[in-house]
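Visitor: Next comes run.pdb, PDB, C-alpha atoms and all ligand atoms:
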ATOM      1  CA  MET W  32     105.920 134.399 147.572
ATOM      2  CA  SER W  33     108.926 136.591 148.345
ATOM      3  CA  ILE W  34     112.132 135.007 149.645
ATOM      4  CA  LEU W  35     115.253 136.909 150.703
ATOM      5  CA  ALA W  36     118.465 134.872 150.898
ATOM      6  CA  LEU W  37     121.633 136.124 152.621
ATOM      7  CA  SER W  38     124.705 134.617 151.010
ATOM      8  CA  GLY W  39     128.453 134.502 150.872
ATOM      9  CA  GLY W  40     130.209 132.717 148.031
ATOM     10  CA  VAL W  41     130.483 128.989 147.477
ATOM     11  CA  GLY W  42     128.164 127.463 150.124
ATOM     12  CA  GLY W  43     125.613 130.243 149.805
ATOM     13  CA  ALA W  44     125.549 130.098 146.019
ATOM     14  CA  LYS W  45     124.819 126.358 146.073
ATOM     15  CA  LEU W  46     121.601 126.913 148.043
ATOM     16  CA  ALA W  47     120.773 130.087 146.110
ATOM     17  CA  LEU W  48     120.907 128.034 142.914
ATOM     18  CA  GLY W  49     118.576 125.442 144.478
ATOM     19  CA  LEU W  50     116.147 128.168 145.558
ATOM     20  CA  SER W  51     116.257 129.743 142.101
ATOM     21  CA  ARG W  52     115.192 126.433 140.574
ATOM     22  CA  VAL W  53     112.290 125.617 142.894
ATOM     23  CA  LEU W  54     110.843 129.146 143.123
ATOM     24  CA  PRO W  55     109.419 131.420 140.441
ATOM     25  CA  GLN W  56     112.489 133.509 139.536
ATOM     26  CA  ALA W  57     110.908 136.822 140.493
ATOM     27  CA  ASP W  58     110.172 135.526 144.020
ATOM     28  CA  LEU W  59     113.848 135.299 145.023
ATOM     29  CA  THR W  60     116.225 138.121 146.000
ATOM     30  CA  ILE W  61     119.767 137.278 147.025
ATOM     31  CA  VAL W  62     121.806 139.675 149.172
ATOM     32  CA  ALA W  63     125.534 139.108 148.714
ATOM     33  CA  ASN W  64     128.319 139.768 151.186
ATOM     34  CA  THR W  65     130.704 142.442 149.937
ATOM     35  CA  GLY W  66     133.022 142.432 152.978
ATOM     36  CA  ASP W  67     135.437 140.315 150.875
ATOM     37  CA  ASP W  68     135.609 142.953 148.124
ATOM     38  CA  PHE W  69     138.993 144.485 147.427
ATOM     39  CA  GLU W  70     141.092 146.385 144.937
ATOM     40  CA  HIS W  71     143.829 144.458 143.204
ATOM     41  CA  LEU W  72     145.962 145.469 140.211
ATOM     42  CA  GLY W  73     143.747 148.540 139.958
ATOM     43  CA  LEU W  74     140.602 146.398 139.667
ATOM     44  CA  SER W  75     137.495 146.314 141.902
ATOM     45  CA  ILE W  76     136.885 142.660 142.730
ATOM     46  CA  SER W  77     133.677 141.365 144.374
ATOM     47  CA  PRO W  78     134.310 137.640 144.951
ATOM     48  CA  ASP W  79     130.970 136.654 146.493
ATOM     49  CA  ILE W  80     128.879 138.530 143.914
ATOM     50  CA  ASP W  81     130.900 136.859 141.167
ATOM     51  CA  THR W  82     130.506 133.385 142.667
ATOM     52  CA  LEU W  83     126.730 133.951 142.795
ATOM     53  CA  VAL W  84     126.633 135.339 139.239
ATOM     54  CA  TYR W  85     128.740 132.508 137.807
ATOM     55  CA  THR W  86     126.836 129.827 139.743
ATOM     56  CA  LEU W  87     123.369 131.094 138.829
ATOM     57  CA  SER W  88     124.290 131.565 135.155
ATOM     58  CA  GLY W  89     125.857 128.100 134.854
ATOM     59  CA  LEU W  90     129.291 129.615 134.192
ATOM     60  CA  ALA W  91     130.989 128.533 137.437
ATOM     61  CA  ASN W  92     134.166 126.483 137.281
ATOM     62  CA  PRO W  93     133.276 123.077 138.782
ATOM     63  CA  GLU W  94     136.896 121.945 139.168
ATOM     64  CA  LEU W  95     138.294 125.015 140.923
ATOM     65  CA  GLY W  96     135.177 125.859 142.948
ATOM     66  CA  TRP W  97     135.708 129.556 142.060
ATOM     67  CA  GLY W  98     135.966 131.566 138.864
ATOM     68  CA  ARG W  99     134.606 130.631 135.437
ATOM     69  CA  ARG W 100     134.445 127.393 133.519
ATOM     70  CA  ASP W 101     136.410 127.023 130.239
ATOM     71  CA  GLU W 102     138.899 129.499 131.646
ATOM     72  CA  THR W 103     142.284 130.326 130.095
ATOM     73  CA  TRP W 104     145.227 131.887 131.929
ATOM     74  CA  ASN W 105     147.173 133.955 129.400
ATOM     75  CA  PHE W 106     146.899 137.131 131.470
ATOM     76  CA  MET W 107     148.238 135.395 134.588
ATOM     77  CA  GLU W 108     151.106 133.740 132.702
ATOM     78  CA  THR W 109     152.100 137.024 131.117
ATOM     79  CA  LEU W 110     151.830 138.839 134.438
ATOM     80  CA  THR W 111     154.173 136.239 135.958
ATOM     81  CA  THR W 112     156.822 136.878 133.300
ATOM     82  CA  LEU W 113     156.529 140.604 134.027
ATOM     83  CA  GLY W 114     157.095 140.038 137.746
ATOM     84  CA  GLY W 115     153.547 141.121 138.701
ATOM     85  CA  ALA W 116     151.568 139.991 141.759
ATOM     86  CA  THR W 117     150.287 136.481 141.118
ATOM     87  CA  TRP W 118     148.940 135.427 144.532
ATOM     88  CA  PHE W 119     145.358 136.223 143.474
ATOM     89  CA  ARG W 120     144.587 134.230 140.343
ATOM     90  CA  LEU W 121     142.546 135.984 137.674
ATOM     91  CA  GLY W 122     141.504 133.982 134.623
ATOM     92  CA  ASP W 123     141.169 135.694 131.248
ATOM     93  CA  ARG W 124     137.364 135.481 131.135
ATOM     94  CA  ASP W 125     136.975 136.395 134.799
ATOM     95  CA  LEU W 126     139.224 139.398 134.199
ATOM     96  CA  ALA W 127     136.666 140.903 131.827
ATOM     97  CA  MET W 128     134.165 141.029 134.702
ATOM     98  CA  HIS W 129     136.557 142.959 136.937
ATOM     99  CA  VAL W 130     137.650 145.348 134.178
ATOM    100  CA  GLU W 131     134.043 146.118 133.271
ATOM    101  CA  ARG W 132     132.959 146.546 136.906
ATOM    102  CA  THR W 133     135.905 148.813 137.681
ATOM    103  CA  HIS W 134     135.304 150.956 134.628
ATOM    104  CA  ARG W 135     131.598 151.363 135.407
ATOM    105  CA  LEU W 136     132.175 152.118 139.102
ATOM    106  CA  ARG W 137     134.635 154.829 138.072
ATOM    107  CA  ALA W 138     132.053 156.220 135.652
ATOM    108  CA  GLY W 139     129.650 156.616 138.589
ATOM    109  CA  GLU W 140     127.384 153.553 138.421
ATOM    110  CA  THR W 141     126.613 151.822 141.706
ATOM    111  CA  LEU W 142     127.568 148.215 142.440
ATOM    112  CA  THR W 143     123.814 147.471 142.574
ATOM    113  CA  GLU W 144     123.282 148.834 139.048
ATOM    114  CA  ILE W 145     126.285 147.032 137.600
ATOM    115  CA  THR W 146     125.400 143.714 139.267
ATOM    116  CA  ASP W 147     121.803 143.966 138.096
ATOM    117  CA  ASP W 148     122.828 144.680 134.516
ATOM    118  CA  VAL W 149     125.316 141.798 134.504
ATOM    119  CA  ARG W 150     122.819 139.317 135.927
ATOM    120  CA  ARG W 151     120.243 140.282 133.281
ATOM    121  CA  ARG W 152     122.783 139.989 130.471
ATOM    122  CA  LEU W 153     123.762 136.528 131.738
ATOM    123  CA  GLY W 154     120.129 135.414 131.927
ATOM    124  CA  ILE W 155     119.852 135.183 135.725
ATOM    125  CA  GLY W 156     116.272 135.530 136.976
ATOM    126  CA  PRO W 157     116.586 136.334 140.691
ATOM    127  CA  ARG W 158     117.810 139.752 141.803
ATOM    128  CA  ILE W 159     121.316 139.803 143.281
ATOM    129  CA  LEU W 160     121.854 142.795 145.577
ATOM    130  CA  PRO W 161     125.192 143.737 147.095
ATOM    131  CA  MET W 162     124.681 144.129 150.864
ATOM    132  CA  THR W 163     125.774 147.753 150.413
ATOM    133  CA  ASP W 164     126.839 150.184 147.718
ATOM    134  CA  GLY W 165     129.234 151.669 150.230
ATOM    135  CA  ARG W 166     132.542 150.429 151.494
ATOM    136  CA  MET W 167     132.741 147.883 154.287
ATOM    137  CA  ARG W 168     135.813 145.695 154.496
ATOM    138  CA  THR W 169     136.359 142.612 156.613
ATOM    139  CA  ARG W 170     139.695 142.613 158.454
ATOM    140  CA  VAL W 171     141.212 139.721 160.342
ATOM    141  CA  HIS W 172     143.146 140.055 163.590
ATOM    142  CA  ALA W 173     145.610 137.191 163.309
ATOM    143  CA  SER W 174     148.687 136.163 165.227
ATOM    144  CA  THR W 175     150.692 138.356 162.837
ATOM    145  CA  GLY W 176     148.525 141.487 163.366
ATOM    146  CA  TRP W 177     145.580 142.916 161.416
ATOM    147  CA  LEU W 178     145.286 141.567 157.872
ATOM    148  CA  ASP W 179     143.128 142.625 154.948
ATOM    149  CA  PHE W 180     140.658 139.863 154.220
ATOM    150  CA  GLN W 181     142.101 138.578 150.933
ATOM    151  CA  ASP W 182     145.596 138.734 152.397
ATOM    152  CA  TYR W 183     144.374 136.295 155.070
ATOM    153  CA  PHE W 184     142.073 134.236 152.844
ATOM    154  CA  VAL W 185     143.997 133.824 149.601
ATOM    155  CA  ARG W 186     147.585 134.985 150.034
ATOM    156  CA  ARG W 187     148.038 133.260 153.416
ATOM    157  CA  ARG W 188     145.524 130.451 152.677
ATOM    158  CA  CYS W 189     143.673 130.995 155.989
ATOM    159  CA  GLU W 190     146.747 129.700 157.841
ATOM    160  CA  PRO W 191     147.099 132.474 160.486
ATOM    161  CA  VAL W 192     145.185 131.903 163.722
ATOM    162  CA  VAL W 193     142.189 134.262 163.882
ATOM    163  CA  HIS W 194     141.670 136.169 167.161
ATOM    164  CA  GLU W 195     139.067 138.679 166.083
ATOM    165  CA  LEU W 196     137.290 140.071 163.031
ATOM    166  CA  MET W 197     136.282 143.609 162.263
ATOM    167  CA  PHE W 198     134.153 145.190 159.569
ATOM    168  CA  GLU W 199     135.709 148.497 158.656
ATOM    169  CA  GLY W 200     133.783 151.362 157.098
ATOM    170  CA  ASP W 201     130.584 153.302 157.548
ATOM    171  CA  ALA W 202     128.569 151.709 154.767
ATOM    172  CA  GLN W 203     124.766 151.773 154.837
ATOM    173  CA  PRO W 204     122.754 148.698 153.823
ATOM    174  CA  GLN W 205     121.540 148.565 150.245
ATOM    175  CA  PRO W 206     118.140 150.385 150.429
ATOM    176  CA  GLU W 207     116.125 147.700 148.579
ATOM    177  CA  PHE W 208     117.475 145.111 151.037
ATOM    178  CA  LEU W 209     116.159 147.100 154.029
ATOM    179  CA  ALA W 210     112.884 147.821 152.226
ATOM    180  CA  LEU W 211     112.372 144.115 151.557
ATOM    181  CA  LEU W 212     112.919 143.273 155.234
ATOM    182  CA  ALA W 213     110.179 145.756 156.142
ATOM    183  CA  ASP W 214     107.813 144.502 153.429
ATOM    184  CA  PRO W 215     104.787 142.700 154.938
ATOM    185  CA  ALA W 216     104.693 140.509 151.813
ATOM    186  CA  LEU W 217     108.118 138.980 152.600
ATOM    187  CA  THR W 218     107.619 135.222 153.089
ATOM    188  CA  ALA W 219     110.976 134.159 154.556
ATOM    189  CA  VAL W 220     114.577 135.163 155.145
ATOM    190  CA  VAL W 221     117.058 132.375 154.404
ATOM    191  CA  ILE W 222     120.536 132.472 155.901
ATOM    192  CA  CYS W 223     122.451 130.284 153.471
ATOM    193  CA  PRO W 224     125.065 127.739 154.651
ATOM    194  CA  SER W 225     127.801 130.338 154.374
ATOM    195  CA  ASN W 226     130.597 131.088 156.808
ATOM    196  CA  PRO W 227     128.742 132.784 159.732
ATOM    197  CA  PHE W 228     131.705 134.987 160.674
ATOM    198  CA  ILE W 229     133.088 136.254 157.368
ATOM    199  CA  SER W 230     130.159 135.830 154.972
ATOM    200  CA  VAL W 231     126.990 136.406 157.027
ATOM    201  CA  GLU W 232     128.215 138.606 159.895
ATOM    202  CA  PRO W 233     129.337 141.450 157.584
ATOM    203  CA  ILE W 234     125.740 141.630 156.300
ATOM    204  CA  LEU W 235     124.250 141.468 159.827
ATOM    205  CA  SER W 236     126.618 144.121 161.140
ATOM    206  CA  LEU W 237     125.533 146.826 158.685
ATOM    207  CA  PRO W 238     123.670 149.593 160.556
ATOM    208  CA  GLY W 239     120.011 148.713 161.084
ATOM    209  CA  VAL W 240     120.109 145.202 159.637
ATOM    210  CA  ARG W 241     119.881 143.265 162.901
ATOM    211  CA  ASP W 242     117.037 145.516 164.080
ATOM    212  CA  ALA W 243     115.258 145.067 160.754
ATOM    213  CA  LEU W 244     115.630 141.287 161.034
ATOM    214  CA  HIS W 245     114.266 141.294 164.586
ATOM    215  CA  ALA W 246     111.340 143.462 163.494
ATOM    216  CA  CYS W 247     110.744 141.417 160.343
ATOM    217  CA  ARG W 248     107.509 139.406 160.409
ATOM    218  CA  ALA W 249     108.777 136.713 158.052
ATOM    219  CA  PRO W 250     110.441 133.636 159.581
ATOM    220  CA  ILE W 251     114.227 133.463 159.493
ATOM    221  CA  VAL W 252     115.649 130.087 158.531
ATOM    222  CA  ALA W 253     119.341 129.181 158.548
ATOM    223  CA  VAL W 254     121.116 126.151 157.118
ATOM    224  CA  SER W 255     124.182 124.923 158.982
ATOM    225  CA  PRO W 256     127.457 125.262 157.046
ATOM    226  CA  ILE W 257     128.955 122.723 159.465
ATOM    227  CA  ILE W 258     128.299 119.015 158.996
ATOM    228  CA  ALA W 259     129.580 116.583 161.651
ATOM    229  CA  GLY W 260     132.038 119.112 163.050
ATOM    230  CA  ARG W 261     133.564 119.991 159.704
ATOM    231  CA  ALA W 262     133.182 122.645 157.049
ATOM    232  CA  VAL W 263     132.481 121.275 153.583
ATOM    233  CA  LYS W 264     135.012 123.774 152.251
ATOM    234  CA  GLY W 265     136.984 126.660 153.682
ATOM    235  CA  PRO W 266     138.001 127.790 157.159
ATOM    236  CA  THR W 267     134.644 127.877 159.021
ATOM    237  CA  ALA W 268     135.441 125.033 161.469
ATOM    238  CA  LYS W 269     139.075 126.120 161.960
ATOM    239  CA  MET W 270     137.930 129.681 162.588
ATOM    240  CA  MET W 271     135.325 128.558 165.141
ATOM    241  CA  THR W 272     137.978 126.717 167.142
ATOM    242  CA  GLU W 273     140.281 129.731 166.977
ATOM    243  CA  LEU W 274     137.474 132.039 168.141
ATOM    244  CA  GLY W 275     136.867 129.783 171.161
ATOM    245  CA  LEU W 276     133.725 128.120 169.820
ATOM    246  CA  ASP W 277     132.968 124.469 169.414
ATOM    247  CA  PRO W 278     133.121 123.673 165.666
ATOM    248  CA  SER W 279     129.603 122.270 165.518
ATOM    249  CA  ALA W 280     126.240 122.844 163.875
ATOM    250  CA  ARG W 281     124.883 123.550 167.366
ATOM    251  CA  ALA W 282     127.391 126.337 168.012
ATOM    252  CA  VAL W 283     126.404 127.992 164.721
ATOM    253  CA  ALA W 284     122.757 128.071 165.870
ATOM    254  CA  GLU W 285     123.857 129.487 169.219
ATOM    255  CA  TRP W 286     125.916 132.121 167.421
ATOM    256  CA  TYR W 287     122.834 133.281 165.462
ATOM    257  CA  GLY W 288     120.843 133.063 168.708
ATOM    258  CA  GLU W 289     117.414 134.691 168.905
ATOM    259  CA  LEU W 290     117.536 135.656 165.236
ATOM    260  CA  LEU W 291     116.546 132.184 164.059
ATOM    261  CA  ASP W 292     113.039 130.762 163.862
ATOM    262  CA  ALA W 293     114.106 127.582 162.114
ATOM    263  CA  TYR W 294     117.398 125.785 161.639
ATOM    264  CA  ILE W 295     118.286 123.061 159.169
ATOM    265  CA  VAL W 296     120.975 120.547 160.120
ATOM    266  CA  ASP W 297     122.360 117.380 158.688
ATOM    267  CA  HIS W 298     121.400 113.893 159.915
ATOM    268  CA  ALA W 299     124.949 113.656 161.322
ATOM    269  CA  ASP W 300     124.167 116.483 163.782
ATOM    270  CA  ALA W 301     120.602 115.552 164.758
ATOM    271  CA  ALA W 302     121.542 114.210 168.187
ATOM    272  CA  ASP W 303     123.202 117.476 169.278
ATOM    273  CA  MET W 304     120.215 119.822 168.984
ATOM    274  CA  ASP W 305     118.426 119.348 172.322
ATOM    275  CA  GLY W 306     117.128 122.495 173.965
ATOM    276  CA  LEU W 307     117.797 124.881 171.070
ATOM    277  CA  HIS W 308     114.989 127.371 170.541
ATOM    278  CA  PRO W 309     114.644 127.465 166.711
ATOM    279  CA  ARG W 310     112.563 124.712 165.164
ATOM    280  CA  ILE W 311     115.023 122.066 163.981
ATOM    281  CA  THR W 312     114.710 120.223 160.684
ATOM    282  CA  VAL W 313     117.021 117.306 160.025
ATOM    283  CA  THR W 314     117.853 116.459 156.422
ATOM    284  CA  LYS W 315     120.737 115.787 154.067
ATOM    285  CA  THR W 316     122.526 119.133 153.863
ATOM    286  CA  LEU W 317     125.539 118.164 151.737
ATOM    287  CA  MET W 318     124.853 119.531 148.244
ATOM    288  CA  LEU W 319     126.796 117.514 145.710
ATOM    289  CA  THR W 320     124.323 117.430 142.830
ATOM    290  CA  LEU W 321     121.802 119.838 141.384
ATOM    291  CA  GLU W 322     119.053 117.616 142.835
ATOM    292  CA  ASP W 323     120.642 118.013 146.307
ATOM    293  CA  ARG W 324     120.499 121.793 145.921
ATOM    294  CA  GLU W 325     116.850 121.713 144.884
ATOM    295  CA  ALA W 326     115.887 119.236 147.609
ATOM    296  CA  LEU W 327     117.533 121.330 150.327
ATOM    297  CA  ALA W 328     115.845 124.465 148.937
ATOM    298  CA  ARG W 329     112.449 122.741 149.248
ATOM    299  CA  VAL W 330     113.207 121.693 152.844
ATOM    300  CA  VAL W 331     114.143 125.303 153.674
ATOM    301  CA  LEU W 332     110.881 126.638 152.207
ATOM    302  CA  ASP W 333     108.854 123.958 154.043
ATOM    303  CA  ALA W 334     110.596 124.808 157.312
ATOM    304  CA  ALA W 335     109.753 128.475 156.820
ATOM    305  CA  ALA W 336     106.130 127.620 156.061
ATOM    306  CA  SER W 337     105.896 125.466 159.188
ATOM    307  CA  VAL W 338     106.871 128.315 161.530
ATOM    308  CA  ARG W 339     104.924 131.026 159.755
TER     309      ARG W 339
HETATM  310  P1  LIG V 401     132.926 131.752 150.556
HETATM  311  O1  LIG V 401     132.584 133.208 150.736
HETATM  312  O2  LIG V 401     133.276 131.394 149.147
HETATM  313  O3  LIG V 401     133.836 131.183 151.584
HETATM  314  O4  LIG V 401     131.554 131.002 150.699
HETATM  315  P2  LIG V 401     130.475 130.792 151.824
HETATM  316  O5  LIG V 401     130.785 131.472 153.090
HETATM  317  O6  LIG V 401     129.148 131.029 151.187
HETATM  318  O7  LIG V 401     130.630 129.239 151.965
HETATM  319  C1  LIG V 401     131.537 128.588 152.824
HETATM  320  C2  LIG V 401     130.766 127.646 153.695
HETATM  321  O8  LIG V 401     129.905 126.849 152.875
HETATM  322  C3  LIG V 401     131.624 126.660 154.456
HETATM  323  O9  LIG V 401     131.376 126.841 155.821
HETATM  324  C4  LIG V 401     131.130 125.297 153.999
HETATM  325  O10 LIG V 401     131.062 124.361 155.035
HETATM  326  C5  LIG V 401     129.753 125.605 153.482
HETATM  327  N1  LIG V 401     129.303 124.665 152.470
HETATM  328  C6  LIG V 401     129.849 124.465 151.250
HETATM  329  N2  LIG V 401     129.179 123.483 150.604
HETATM  330  C7  LIG V 401     128.180 123.071 151.428
HETATM  331  C8  LIG V 401     127.159 122.084 151.323
HETATM  332  O11 LIG V 401     127.033 121.367 150.327
HETATM  333  N3  LIG V 401     126.308 121.958 152.394
HETATM  334  C9  LIG V 401     126.429 122.730 153.521
HETATM  335  N4  LIG V 401     125.562 122.532 154.513
HETATM  336  N5  LIG V 401     127.395 123.660 153.653
HETATM  337  C10 LIG V 401     128.253 123.826 152.614
END
Would you mind giving the structure from this file in structure tokens?
Guide:
Amino acid sequence: MSILALSGGVGGAKLALGLSRVLPQADLTIVANTGDDFEHLGLSISPDIDTLVYTLSGLANPELGWGRRDETWNFMETLTTLGGATWFRLGDRDLAMHVERTHRLRAGETLTEITDDVRRRLGIGPRILPMTDGRMRTRVHASTGWLDFQDYFVRRRCEPVVHELMFEGDAQPQPEFLALLADPALTAVVICPSNPFISVEPILSLPGVRDALHACRAPIVAVSPIIAGRAVKGPTAKMMTELGLDPSARAVAEWYGELLDAYIVDHADAADMDGLHPRITVTKTLMLTLEDREALARVVLDAAASVR
């Protein structure tokens, strides 16, 4: 079996962890959004890759929902006393990741190589591929003008009203990602329950990716990040309203459109799926426990098998 999962950070990593536990490790490849990546304090930061790496290695911080567990904050406290920028919080352990990545990028390694080395050192089985080794940056057109993504997301806590998004740069998709989509042995593509606009769309908008997905023989299965009109975490529902969409599981399926062969929604949304073209599976999609993550992963794989 060969499964390709497209993921952002928190929501995507939950399902990716479930998939990694119900599949043989070598059967899963995860493509991570890098539209959120940015440079801060001279460091190259890749938030979605790090969330995946920390989640799949068991190092994620369960209280914060981002960063590492058992974190200390000496760097941040010292930076504060020095009058440095403190709007983006970097824990001491997390900082080592960014320092090492930055150093290796400057020495000429690709983000793919660095991520692969880190995941092996941390004992992660599945491959984690950045969507690109090039530069593509999500920008947000808000009421206050165009904002860099982390300025919108972290510094302004997603408060500005979003009018439009753009993905800036001429990055090419990571070559192994495209090769996997063209591989006749690919069993399924899973679009994780990530934010469709700022986590999945950057991946889909890379040159050739949509065409490769349309041409791909494997079924494409998405899980709704919206449950009963609400996002579990983050601005997905707020953003949908601001972009003129209904904040619903149905509207997410309509947004993905013809791309989907199967769509997984929560029991709470079952009644709103009439007339949609992908095959609908209704299940519990809220992942609170490890068992929830594994159970949803199995439902996703069954749904893919049923449309194959
Ligand atoms: P980010 O890059 O860290 O914002 O992470 P993602 O885009 O991957 O995840 C954000 C999305 O995950 C939000 O739309 C949430 O509603 C969704 N999400 C988080 N936890 C769950 C869950 O347990 N079940 C489902 N269905 N969606 C979830």
Visitor: For the point (113.1, 131.5, 139.4) in the file's frame, write as a PyMOL selection string all residues with an atom no more than 12 Å away, counting only C-alpha atoms.
Guide: chain W and resi 32-34+47-61+87-88+154-158+325
Visitor: Which one of W:Asp101, W:Glu140, W:Asp300, W:Glu195 sits closest to ligand LIG 401 (chain V) if you count all atoms listed in the file?
Guide: W:Asp300
Visitor: Box in all listed atoms of ligand LIG 401 (chain V), axis-aligned, with 8 Å more on each side; write out centre and edge lengths in Å to one decimal as lines of an AutoDock Vina configuration file.
Guide:
center_x = 129.7
center_y = 127.3
center_z = 152.5
size_x = 24.3
size_y = 27.8
size_z = 22.7
Visitor: Skipping near chain neighbours, those fewer than 5 positions away, what residues fall within 12 Å of W:Glu108 using only C-alpha atoms, listed as an MDAnalysis selection string?
Guide: chainID W and resid 103 113:117 120:123
Visitor: So the first atom is atom N4 of ligand LIG 401 (chain V) and the second is atom CA of W:Arg261; what is the distance between them in Å, to one decimal place?
Guide: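 Answer for the atom N4 of ligand LIG 401 (chain V) to atom CA of W:Arg261 separation: 9.9 Å.
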Visitor: Report the residues retrieved by the PyMOL selection byres (((chain W and resi 296) around 9) and not hetatm) from the displayed file, expressed as JSON, numbers by chain.
Guide: {"W": [253, 254, 255, 256, 257, 258, 280, 281, 294, 295, 297, 298, 299, 300, 301, 304, 311, 312, 313, 314, 315, 316]}
Visitor: Find, counting all atoms listed in the file, the residue in W:Ala293, W:Cys223, W:Ala262, W:Val331 that gets nearest to ligand LIG 401 (chain V).
Guide: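 Nearest candidate to ligand LIG 401 (chain V) out of W:Ala293, W:Cys223, W:Ala262, W:Val331: W:Ala262.
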Visitor: Taking all atoms listed in the file into account, which residues have an atom no farther than 9 Å from ligand LIG 401 (chain V)? I'd like them as a CSV table (one decimal) with C-alpha atoms, in the frame of the given file.
Guide:
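Writing the result to result.csv gives the following:
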chain,number,residue,atom,x,y,z
W,38,SER,CA,124.7,134.6,151.0
W,39,GLY,CA,128.5,134.5,150.9
W,40,GLY,CA,130.2,132.7,148.0
W,41,VAL,CA,130.5,129.0,147.5
W,42,GLY,CA,128.2,127.5,150.1
W,43,GLY,CA,125.6,130.2,149.8
W,44,ALA,CA,125.5,130.1,146.0
W,45,LYS,CA,124.8,126.4,146.1
W,46,LEU,CA,121.6,126.9,148.0
W,64,ASN,CA,128.3,139.8,151.2
W,67,ASP,CA,135.4,140.3,150.9
W,78,PRO,CA,134.3,137.6,145.0
W,79,ASP,CA,131.0,136.7,146.5
W,82,THR,CA,130.5,133.4,142.7
W,96,GLY,CA,135.2,125.9,142.9
W,97,TRP,CA,135.7,129.6,142.1
W,184,PHE,CA,142.1,134.2,152.8
W,223,CYS,CA,122.5,130.3,153.5
W,224,PRO,CA,125.1,127.7,154.7
W,225,SER,CA,127.8,130.3,154.4
W,226,ASN,CA,130.6,131.1,156.8
W,227,PRO,CA,128.7,132.8,159.7
W,228,PHE,CA,131.7,135.0,160.7
W,229,ILE,CA,133.1,136.3,157.4
W,230,SER,CA,130.2,135.8,155.0
W,231,VAL,CA,127.0,136.4,157.0
W,254,VAL,CA,121.1,126.2,157.1
W,255,SER,CA,124.2,124.9,159.0
W,256,PRO,CA,127.5,125.3,157.0
W,257,ILE,CA,129.0,122.7,159.5
W,258,ILE,CA,128.3,119.0,159.0
W,261,ARG,CA,133.6,120.0,159.7
W,262,ALA,CA,133.2,122.6,157.0
W,263,VAL,CA,132.5,121.3,153.6
W,264,LYS,CA,135.0,123.8,152.3
W,265,GLY,CA,137.0,126.7,153.7
W,266,PRO,CA,138.0,127.8,157.2
W,267,THR,CA,134.6,127.9,159.0
W,268,ALA,CA,135.4,125.0,161.5
W,295,ILE,CA,118.3,123.1,159.2
W,296,VAL,CA,121.0,120.5,160.1
W,297,ASP,CA,122.4,117.4,158.7
W,315,LYS,CA,120.7,115.8,154.1
W,316,THR,CA,122.5,119.1,153.9
W,317,LEU,CA,125.5,118.2,151.7
W,318,MET,CA,124.9,119.5,148.2
W,319,LEU,CA,126.8,117.5,145.7
W,320,THR,CA,124.3,117.4,142.8
W,323,ASP,CA,120.6,118.0,146.3
W,324,ARG,CA,120.5,121.8,145.9
Visitor: Find the distance between atom CA of W:Gly73 and atom CA of W:Trp177 and write it in Å to one decimal.
Guide: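 For atom CA of W:Gly73 relative to atom CA of W:Trp177, the distance reads 22.3 Å.
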Visitor: As an exercise, work out the distance from atom CA of W:Phe69 to atom CA of W:Ile234 in Å and give it to one decimal place.
Guide: 16.2 Å
Visitor: Which of these residues is nearest to W:Pro204, using only C-alpha atoms: W:His245, W:Arg137, W:Arg100, W:Arg166?
Guide: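 Smallest distance to W:Pro204 is found for W:Arg166.
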Visitor: To test your reading of the syntax: which residues would the PyMOL selection byres (((chain W and resi 211) around 10) and not hetatm) return for the file shown? Reply as a PyMOL selection string.
Guide: chain W and resi 33-35+60+206-210+212-217+220+243+247
Visitor: The PyMOL selection byres (((chain W and resi 179) around 12) and not hetatm) - which residues does that actually catch in the file I just gave you? List them as a ChimeraX atom specification.
Guide: /W:66-71,167-173,175-178,180-187,189,196-199
Visitor: When you count all atoms listed in the file, which of these residues is closest to W:Leu237: W:Thr65, W:Ile251, W:Leu290, W:Leu307?
Guide: W:Thr65
